[in-house]
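Pasting query04.cif here (mmCIF, C-alpha atoms and all ligand atoms):
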```cif
data_target
#
loop_
_atom_site.group_PDB
_atom_site.id
_atom_site.type_symbol
_atom_site.label_atom_id
_atom_site.label_comp_id
_atom_site.auth_asym_id
_atom_site.auth_seq_id
_atom_site.Cartn_x
_atom_site.Cartn_y
_atom_site.Cartn_z
ATOM 1 C CA MET A 1 239.103 243.232 152.218
ATOM 2 C CA SER A 2 240.115 243.361 148.576
ATOM 3 C CA PRO A 3 241.564 246.622 147.168
ATOM 4 C CA GLU A 4 238.459 246.842 144.913
ATOM 5 C CA THR A 5 236.171 246.776 147.954
ATOM 6 C CA ILE A 6 238.242 249.475 149.676
ATOM 7 C CA ASP A 7 238.142 251.606 146.496
ATOM 8 C CA LYS A 8 234.409 251.163 146.216
ATOM 9 C CA LEU A 9 233.848 252.063 149.877
ATOM 10 C CA ASN A 10 236.012 255.168 149.475
ATOM 11 C CA GLN A 11 234.026 256.147 146.393
ATOM 12 C CA PHE A 12 230.773 255.740 148.388
ATOM 13 C CA LYS A 13 232.259 257.946 151.100
ATOM 14 C CA LEU A 14 233.327 260.671 148.669
ATOM 15 C CA ASP A 15 229.908 260.701 146.960
ATOM 16 C CA ALA A 16 228.150 260.872 150.336
ATOM 17 C CA MET A 17 230.440 263.698 151.517
ATOM 18 C CA ASN A 18 229.672 265.646 148.337
ATOM 19 C CA ALA A 19 225.935 265.131 148.774
ATOM 20 C CA LYS A 20 226.204 266.207 152.435
ATOM 21 C CA THR A 21 227.941 269.459 151.493
ATOM 22 C CA LEU A 22 225.345 270.186 148.797
ATOM 23 C CA TYR A 23 222.419 269.449 151.140
ATOM 24 C CA LEU A 24 223.957 271.704 153.798
ATOM 25 C CA ALA A 25 224.268 274.500 151.231
ATOM 26 C CA LYS A 26 220.619 274.012 150.219
ATOM 27 C CA ILE A 27 219.474 274.061 153.855
ATOM 28 C CA LYS A 28 221.514 277.224 154.529
ATOM 29 C CA GLU A 29 220.067 278.902 151.443
ATOM 30 C CA TRP A 30 216.561 277.910 152.484
ATOM 31 C CA ASN A 31 217.057 279.194 156.052
ATOM 32 C CA PHE A 32 218.339 282.504 154.692
ATOM 33 C CA TYR A 33 215.236 283.003 152.501
ATOM 34 C CA GLN A 34 213.011 282.122 155.450
ATOM 35 C CA LYS A 35 214.746 284.707 157.658
ATOM 36 C CA VAL A 36 214.412 287.416 155.006
ATOM 37 C CA TYR A 37 210.740 286.526 154.673
ATOM 38 C CA TYR A 38 210.135 286.749 158.433
ATOM 39 C CA VAL A 39 211.975 290.066 158.720
ATOM 40 C CA ILE A 40 209.894 291.549 155.885
ATOM 41 C CA THR A 41 206.621 290.264 157.332
ATOM 42 C CA LEU A 42 207.657 291.866 160.624
ATOM 43 C CA ILE A 43 208.510 295.210 158.992
ATOM 44 C CA ILE A 44 205.229 295.531 157.056
ATOM 45 C CA PRO A 45 202.798 296.012 159.986
ATOM 46 C CA ILE A 46 205.296 298.314 161.726
ATOM 47 C CA MET A 47 205.509 300.491 158.604
ATOM 48 C CA PHE A 48 201.720 300.570 158.147
ATOM 49 C CA PHE A 49 201.343 301.570 161.775
ATOM 50 C CA PHE A 50 204.013 304.244 161.369
ATOM 51 C CA ALA A 51 202.364 305.559 158.185
ATOM 52 C CA LEU A 52 198.970 305.714 159.920
ATOM 53 C CA TYR A 53 199.963 307.519 163.106
ATOM 54 C CA TRP A 54 203.328 309.274 163.022
ATOM 55 C CA ALA A 55 203.839 309.987 159.350
ATOM 56 C CA LYS A 56 200.368 311.471 158.855
ATOM 57 C CA GLY A 57 200.690 314.759 156.940
ATOM 58 C CA GLN A 58 204.486 314.403 156.729
ATOM 59 C CA PRO A 59 206.183 314.662 153.323
ATOM 60 C CA TYR A 60 207.349 311.021 153.539
ATOM 61 C CA GLU A 61 203.860 309.639 154.274
ATOM 62 C CA ASN A 62 203.303 308.567 150.673
ATOM 63 C CA SER A 63 206.699 306.915 150.263
ATOM 64 C CA ILE A 64 206.207 304.845 153.422
ATOM 65 C CA GLY A 65 202.757 303.772 152.236
ATOM 66 C CA LEU A 66 204.220 302.813 148.878
ATOM 67 C CA ILE A 67 207.091 300.812 150.396
ATOM 68 C CA SER A 68 204.703 298.903 152.689
ATOM 69 C CA LEU A 69 202.455 298.155 149.729
ATOM 70 C CA PHE A 70 205.400 296.898 147.698
ATOM 71 C CA LEU A 71 206.612 294.681 150.586
ATOM 72 C CA SER A 72 203.079 293.278 151.083
ATOM 73 C CA ILE A 73 202.867 292.323 147.418
ATOM 74 C CA PHE A 74 206.314 290.754 147.649
ATOM 75 C CA THR A 75 205.435 288.590 150.685
ATOM 76 C CA ALA A 76 202.119 287.561 149.101
ATOM 77 C CA CYS A 77 203.947 286.450 145.927
ATOM 78 C CA TYR A 78 206.563 284.643 148.010
ATOM 79 C CA SER A 79 203.856 282.722 149.915
ATOM 80 C CA VAL A 80 202.145 281.671 146.677
ATOM 81 C CA TRP A 81 205.468 280.592 145.163
ATOM 82 C CA SER A 82 206.303 278.641 148.368
ATOM 83 C CA LEU A 83 202.984 276.804 148.222
ATOM 84 C CA ILE A 84 203.259 275.958 144.519
ATOM 85 C CA ASN A 85 206.895 274.927 144.895
ATOM 86 C CA ASN A 86 206.135 272.814 147.981
ATOM 87 C CA ASN A 87 209.027 274.464 149.830
ATOM 88 C CA ASP A 88 208.247 273.057 153.277
ATOM 89 C CA GLN A 89 208.412 269.503 151.963
ATOM 90 C CA LYS A 90 211.683 270.303 150.182
ATOM 91 C CA SER A 91 213.220 271.516 153.411
ATOM 92 C CA ILE A 92 212.264 268.220 155.116
ATOM 93 C CA ASP A 93 213.678 266.251 152.163
ATOM 94 C CA TYR A 94 216.991 268.121 152.349
ATOM 95 C CA HIS A 95 217.317 267.312 156.051
ATOM 96 C CA LEU A 96 216.552 263.646 155.363
ATOM 97 C CA GLY A 97 219.089 263.575 152.527
ATOM 98 C CA LEU A 98 221.709 265.061 154.837
ATOM 99 C CA GLU A 99 220.937 262.415 157.472
ATOM 100 C CA ASN A 100 221.059 259.491 155.010
ATOM 101 C CA ASN A 101 224.402 260.581 153.600
ATOM 102 C CA THR A 102 225.854 261.192 157.061
ATOM 103 C CA ARG A 103 224.921 257.579 157.884
ATOM 104 C CA VAL A 104 226.638 256.345 154.704
ATOM 105 C CA VAL A 105 229.864 258.162 155.680
ATOM 106 C CA GLN A 106 229.708 256.700 159.209
ATOM 107 C CA ASP A 107 229.028 253.199 157.874
ATOM 108 C CA VAL A 108 231.930 253.386 155.416
ATOM 109 C CA ASP A 109 234.260 254.384 158.256
ATOM 110 C CA TYR A 110 232.942 251.484 160.316
ATOM 111 C CA PHE A 111 233.372 248.958 157.481
ATOM 112 C CA LEU A 112 236.849 250.264 156.635
ATOM 113 C CA SER A 113 237.965 249.684 160.224
ATOM 114 C CA LYS A 114 236.084 246.441 160.994
ATOM 115 C CA GLY A 115 235.924 244.804 157.555
ATOM 116 C CA ILE A 116 232.887 243.837 155.509
ATOM 117 C CA THR A 117 231.557 240.506 154.202
ATOM 118 C CA THR A 118 230.379 240.058 150.598
ATOM 119 C CA ASP A 119 226.747 239.842 151.711
ATOM 120 C CA GLU A 120 227.059 242.995 153.777
ATOM 121 C CA MET A 121 228.724 244.769 150.853
ATOM 122 C CA ASN A 122 225.864 243.796 148.518
ATOM 123 C CA LEU A 123 223.257 245.052 150.957
ATOM 124 C CA PHE A 124 225.218 248.222 151.632
ATOM 125 C CA SER A 125 225.654 248.910 147.879
ATOM 126 C CA GLN A 126 221.897 248.643 147.423
ATOM 127 C CA ARG A 127 221.294 251.118 150.212
ATOM 128 C CA VAL A 128 223.870 253.544 148.798
ATOM 129 C CA ASP A 129 222.228 253.222 145.352
ATOM 130 C CA SER A 130 218.839 254.191 146.716
ATOM 131 C CA VAL A 131 220.357 257.135 148.622
ATOM 132 C CA ASN A 132 222.141 258.237 145.410
ATOM 133 C CA ASN A 133 218.906 258.038 143.402
ATOM 134 C CA GLN A 134 217.179 260.251 145.953
ATOM 135 C CA ASP A 135 220.125 262.672 145.853
ATOM 136 C CA SER A 136 220.098 262.976 142.075
ATOM 137 C CA ILE A 137 216.431 264.010 142.176
ATOM 138 C CA LEU A 138 216.737 266.442 145.087
ATOM 139 C CA LEU A 139 220.028 267.995 144.014
ATOM 140 C CA ALA A 140 219.189 268.195 140.302
ATOM 141 C CA SER A 141 218.876 271.982 140.374
ATOM 142 C CA ILE A 142 222.465 272.548 141.573
ATOM 143 C CA SER A 143 224.820 273.881 138.918
ATOM 144 C CA LYS A 144 227.625 271.765 137.504
ATOM 145 C CA GLY A 145 230.181 274.349 138.627
ATOM 146 C CA LYS A 146 229.125 274.093 142.255
ATOM 147 C CA ILE A 147 229.146 270.277 142.154
ATOM 148 C CA GLN A 148 232.689 270.326 140.726
ATOM 149 C CA LYS A 149 233.862 272.714 143.428
ATOM 150 C CA VAL A 150 232.430 270.530 146.209
ATOM 151 C CA TYR A 151 233.870 267.399 144.607
ATOM 152 C CA VAL A 152 237.398 268.822 144.519
ATOM 153 C CA ALA A 153 237.165 270.241 148.051
ATOM 154 C CA ASN A 154 236.075 266.883 149.507
ATOM 155 C CA LEU A 155 238.612 264.918 147.496
ATOM 156 C CA LYS A 156 241.346 267.172 148.909
ATOM 157 C CA GLN A 157 239.949 266.786 152.413
ATOM 158 C CA LEU A 158 240.029 262.981 152.177
ATOM 159 C CA ASP A 159 243.603 262.747 150.968
ATOM 160 C CA ARG A 160 246.563 265.163 151.143
ATOM 161 C CA ASN A 161 247.995 263.537 147.983
ATOM 162 C CA ALA A 162 244.662 263.414 146.182
ATOM 163 C CA LYS A 163 244.805 263.304 142.410
ATOM 164 C CA CYS A 164 241.921 263.979 140.091
ATOM 165 C CA PRO A 165 240.727 260.570 138.815
ATOM 166 C CA VAL A 166 240.063 262.074 135.381
ATOM 167 C CA CYS A 167 243.144 264.181 134.566
ATOM 168 C CA ASN A 168 245.499 262.851 137.270
ATOM 169 C CA THR A 169 246.568 266.333 138.429
ATOM 170 C CA ALA A 170 247.686 266.571 142.068
ATOM 171 C CA LEU A 171 244.842 268.663 143.429
ATOM 172 C CA TRP A 172 246.724 270.582 146.132
ATOM 173 C CA ASN A 173 249.127 271.975 143.520
ATOM 174 C CA ALA A 174 246.615 272.409 140.721
ATOM 175 C CA LYS A 175 246.045 275.794 139.116
ATOM 176 C CA ARG A 176 242.452 276.671 138.523
ATOM 177 C CA GLY A 177 241.560 277.050 134.855
ATOM 178 C CA TRP A 178 239.356 279.816 133.485
ATOM 179 C CA PHE A 179 236.406 279.118 131.219
ATOM 180 C CA PHE A 180 238.355 280.162 128.110
ATOM 181 C CA GLN A 181 241.281 277.869 128.918
ATOM 182 C CA LYS A 182 241.583 274.159 128.363
ATOM 183 C CA ARG A 183 240.547 272.592 131.665
ATOM 184 C CA CYS A 184 239.556 269.279 133.210
ATOM 185 C CA GLU A 185 235.813 268.593 133.150
ATOM 186 C CA ALA A 186 235.897 266.977 136.608
ATOM 187 C CA CYS A 187 238.159 269.199 138.723
ATOM 188 C CA ARG A 188 238.412 272.382 136.610
ATOM 189 C CA CYS A 189 242.200 272.363 136.799
ATOM 190 C CA LYS A 190 244.083 274.059 134.004
ATOM 191 C CA LEU A 191 245.363 271.456 131.551
ATOM 192 C CA GLY A 192 248.607 271.720 129.586
ATOM 193 C CA SER A 193 250.730 274.843 129.778
HETATM 194 ZN ZN ZN B 1 240.808 266.795 136.714
#
```

Exercise: express the given structure as structure tokens:
Amino acid sequence: MSPETIDKLNQFKLDAMNAKTLYLAKIKEWNFYQKVYYVITLIIPIMFFFALYWAKGQPYENSIGLISLFLSIFTACYSVWSLINNNDQKSIDYHLGLENNTRVVQDVDYFLSKGITTDEMNLFSQRVDSVNNQDSILLASISKGKIQKVYVANLKQLDRNAKCPVCNTALWNAKRGWFFQKRCEACRCKLGS
């Protein structure tokens, strides 16, 4: 294998690792919202029941009624937003994206240990391209700051001596730069002194 092929495979692996981390974060976020939604939908009937039978004539009867009403409106809005936003489909897409990128990482490891022919490399590059295109659509809403953080974390994980390809700072020793300081666009390390 030529050094260029090894570099390219490692780049594929890093990109796929970044996408995996971002998909996992999206799935976690989604699961959290779902749990909150289920807990609230569970609380509403209990509160209505409580307001009807035990809180009748009590000073807090009105407040409980009001809270249940507010929660009902909230869950109704959430359901409408979920439908419009096609949230169920998004959740499936995130899981698929995670799976595709996990396969890319596994394949890179396989090729790095067993070698790869030119034909295989061409085919593999095409597959990685199509996975990347899918990722850029699905992960478009993620902030630049988060992407940078994931990028640096995975780069460090891959290599103890990792250097940022843009500013060449050794990442394990790098000092994080604040927004008002001069810093690298790729890794957010502080530049200069
Ligand atoms: Zn940098």

>> At a cut-off of 10 Å around ligand ZN 1 (chain B), and using all atoms listed in the file, what residues come up? Please write them as an MDAnalysis selection string.
In response: chainID A and resid 148 152 163:171 174 183:191

C-alpha atoms of the current selection, written as a JSON list (two decimals), in the coordinates of the input:
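Full text of again.json as output:
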```json
[["chain", "number", "residue", "atom", "x", "y", "z"],
["A", 148, "GLN", "CA", 232.69, 270.33, 140.73],
["A", 152, "VAL", "CA", 237.40, 268.82, 144.52],
["A", 163, "LYS", "CA", 244.80, 263.30, 142.41],
["A", 164, "CYS", "CA", 241.92, 263.98, 140.09],
["A", 165, "PRO", "CA", 240.73, 260.57, 138.82],
["A", 166, "VAL", "CA", 240.06, 262.07, 135.38],
["A", 167, "CYS", "CA", 243.14, 264.18, 134.57],
["A", 168, "ASN", "CA", 245.50, 262.85, 137.27],
["A", 169, "THR", "CA", 246.57, 266.33, 138.43],
["A", 170, "ALA", "CA", 247.69, 266.57, 142.07],
["A", 171, "LEU", "CA", 244.84, 268.66, 143.43],
["A", 174, "ALA", "CA", 246.62, 272.41, 140.72],
["A", 183, "ARG", "CA", 240.55, 272.59, 131.66],
["A", 184, "CYS", "CA", 239.56, 269.28, 133.21],
["A", 185, "GLU", "CA", 235.81, 268.59, 133.15],
["A", 186, "ALA", "CA", 235.90, 266.98, 136.61],
["A", 187, "CYS", "CA", 238.16, 269.20, 138.72],
["A", 188, "ARG", "CA", 238.41, 272.38, 136.61],
["A", 189, "CYS", "CA", 242.20, 272.36, 136.80],
["A", 190, "LYS", "CA", 244.08, 274.06, 134.00],
["A", 191, "LEU", "CA", 245.36, 271.46, 131.55]]
```

>> I want to know what sits within 10 Å of range 91-106 of chain A, based on only C-alpha atoms, with residues of the same chain fewer than 2 positions away left out; could you give that as JSON, numbers by chain?
In response: {"A": [9, 10, 12, 13, 14, 15, 16, 17, 18, 19, 20, 21, 22, 23, 24, 25, 26, 27, 30, 31, 86, 87, 88, 89, 108, 109, 110, 111, 112, 124, 127, 128, 131, 132, 134, 135, 138, 139]}

> CA of Tyr38 in chain A and CA of Trp81 in chain A, how far apart in Å?
Replying inline: 15.4 Å

> Quick one, how far is CA of Asp129 in chain A from CA of Lys90 in chain A?
Replying inline: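 Calculated distance between CA of Asp129 in chain A and CA of Lys90 in chain A is 20.6 Å.
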
> Do you have the CA of Met121 in chain A-CA of Ile137 in chain A distance handy?
Replying inline: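 Taking CA of Met121 in chain A and CA of Ile137 in chain A, their separation equals 24.4 Å.
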
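Comparing A:Gly145, A:Asn85, A:Trp172, A:Phe50 by their smallest distance to Gln157 in chain A, the closest is A:Trp172 (using all atoms listed in the file).
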
> For Glu61 in chain A, which residue out of A:Tyr33, A:Phe180, A:Phe74, A:Phe48 is the nearest one, using only C-alpha atoms?
Replying inline: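 Among the listed residues, A:Phe48 lies closest to Glu61 in chain A.
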
> Of the candidates A:Met1, A:Ile40, A:Gln11, A:Ala76, which shows the shortest atom-to-atom distance to Tyr151 in chain A, using all atoms listed in the file?
Replying inline: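 Result for the nearest residue to Tyr151 in chain A: A:Gln11.
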
Please, could N, CA and C atoms be added to range 167-192 of chain A and the result written as a compact mmCIF listing (two decimals), in the frame of the given file?
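Below is the file out.txt, written as the result:
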```
# COMPACT_ATOMS: atom_id res chain seq x y z
N CYS A 167 241.97 263.62 135.25
CA CYS A 167 243.14 264.18 134.57
C CYS A 167 244.45 263.89 135.31
N ASN A 168 244.32 263.28 136.51
CA ASN A 168 245.50 262.85 137.27
C ASN A 168 246.36 264.00 137.81
N THR A 169 245.83 265.20 137.85
CA THR A 169 246.57 266.33 138.43
C THR A 169 246.53 266.23 139.95
N ALA A 170 247.68 266.51 140.61
CA ALA A 170 247.69 266.57 142.07
C ALA A 170 246.90 267.81 142.48
N LEU A 171 245.81 267.58 143.23
CA LEU A 171 244.84 268.66 143.43
C LEU A 171 245.36 269.82 144.30
N TRP A 172 246.25 269.51 145.26
CA TRP A 172 246.72 270.58 146.13
C TRP A 172 247.63 271.56 145.39
N ASN A 173 248.24 271.08 144.28
CA ASN A 173 249.13 271.98 143.52
C ASN A 173 248.46 272.52 142.26
N ALA A 174 247.24 272.09 142.01
CA ALA A 174 246.62 272.41 140.72
C ALA A 174 246.30 273.90 140.60
N LYS A 175 246.46 274.42 139.38
CA LYS A 175 246.04 275.79 139.12
C LYS A 175 244.65 275.75 138.52
N ARG A 176 243.82 276.65 139.01
CA ARG A 176 242.45 276.67 138.52
C ARG A 176 242.41 277.25 137.11
N GLY A 177 241.65 276.57 136.23
CA GLY A 177 241.56 277.05 134.85
C GLY A 177 240.35 277.96 134.66
N TRP A 178 240.49 278.94 133.79
CA TRP A 178 239.36 279.82 133.49
C TRP A 178 238.53 279.21 132.37
N PHE A 179 237.33 279.74 132.18
CA PHE A 179 236.41 279.12 131.22
C PHE A 179 236.94 279.13 129.79
N PHE A 180 237.84 280.09 129.48
CA PHE A 180 238.36 280.16 128.11
C PHE A 180 239.60 279.30 127.93
N GLN A 181 240.09 278.71 129.03
CA GLN A 181 241.28 277.87 128.92
C GLN A 181 240.88 276.40 128.83
N LYS A 182 241.84 275.59 128.41
CA LYS A 182 241.58 274.16 128.36
C LYS A 182 241.63 273.64 129.80
N ARG A 183 240.53 273.06 130.28
CA ARG A 183 240.55 272.59 131.66
C ARG A 183 239.81 271.26 131.81
N CYS A 184 240.13 270.60 132.95
CA CYS A 184 239.56 269.28 133.21
C CYS A 184 238.06 269.42 133.53
N GLU A 185 237.26 268.55 132.95
CA GLU A 185 235.81 268.59 133.15
C GLU A 185 235.43 268.27 134.60
N ALA A 186 236.26 267.42 135.26
CA ALA A 186 235.90 266.98 136.61
C ALA A 186 236.36 267.95 137.68
N CYS A 187 237.62 268.40 137.61
CA CYS A 187 238.16 269.20 138.72
C CYS A 187 238.38 270.65 138.35
N ARG A 188 238.24 271.01 137.09
CA ARG A 188 238.41 272.38 136.61
C ARG A 188 239.84 272.88 136.72
N CYS A 189 240.80 271.94 136.80
CA CYS A 189 242.20 272.36 136.80
C CYS A 189 242.59 272.75 135.38
N LYS A 190 243.57 273.67 135.31
CA LYS A 190 244.08 274.06 134.00
C LYS A 190 244.90 272.89 133.44
N LEU A 191 244.64 272.56 132.18
CA LEU A 191 245.36 271.46 131.55
C LEU A 191 246.41 272.01 130.59
N GLY A 192 247.53 271.29 130.48
CA GLY A 192 248.61 271.72 129.59
C GLY A 192 249.24 273.00 130.10
```
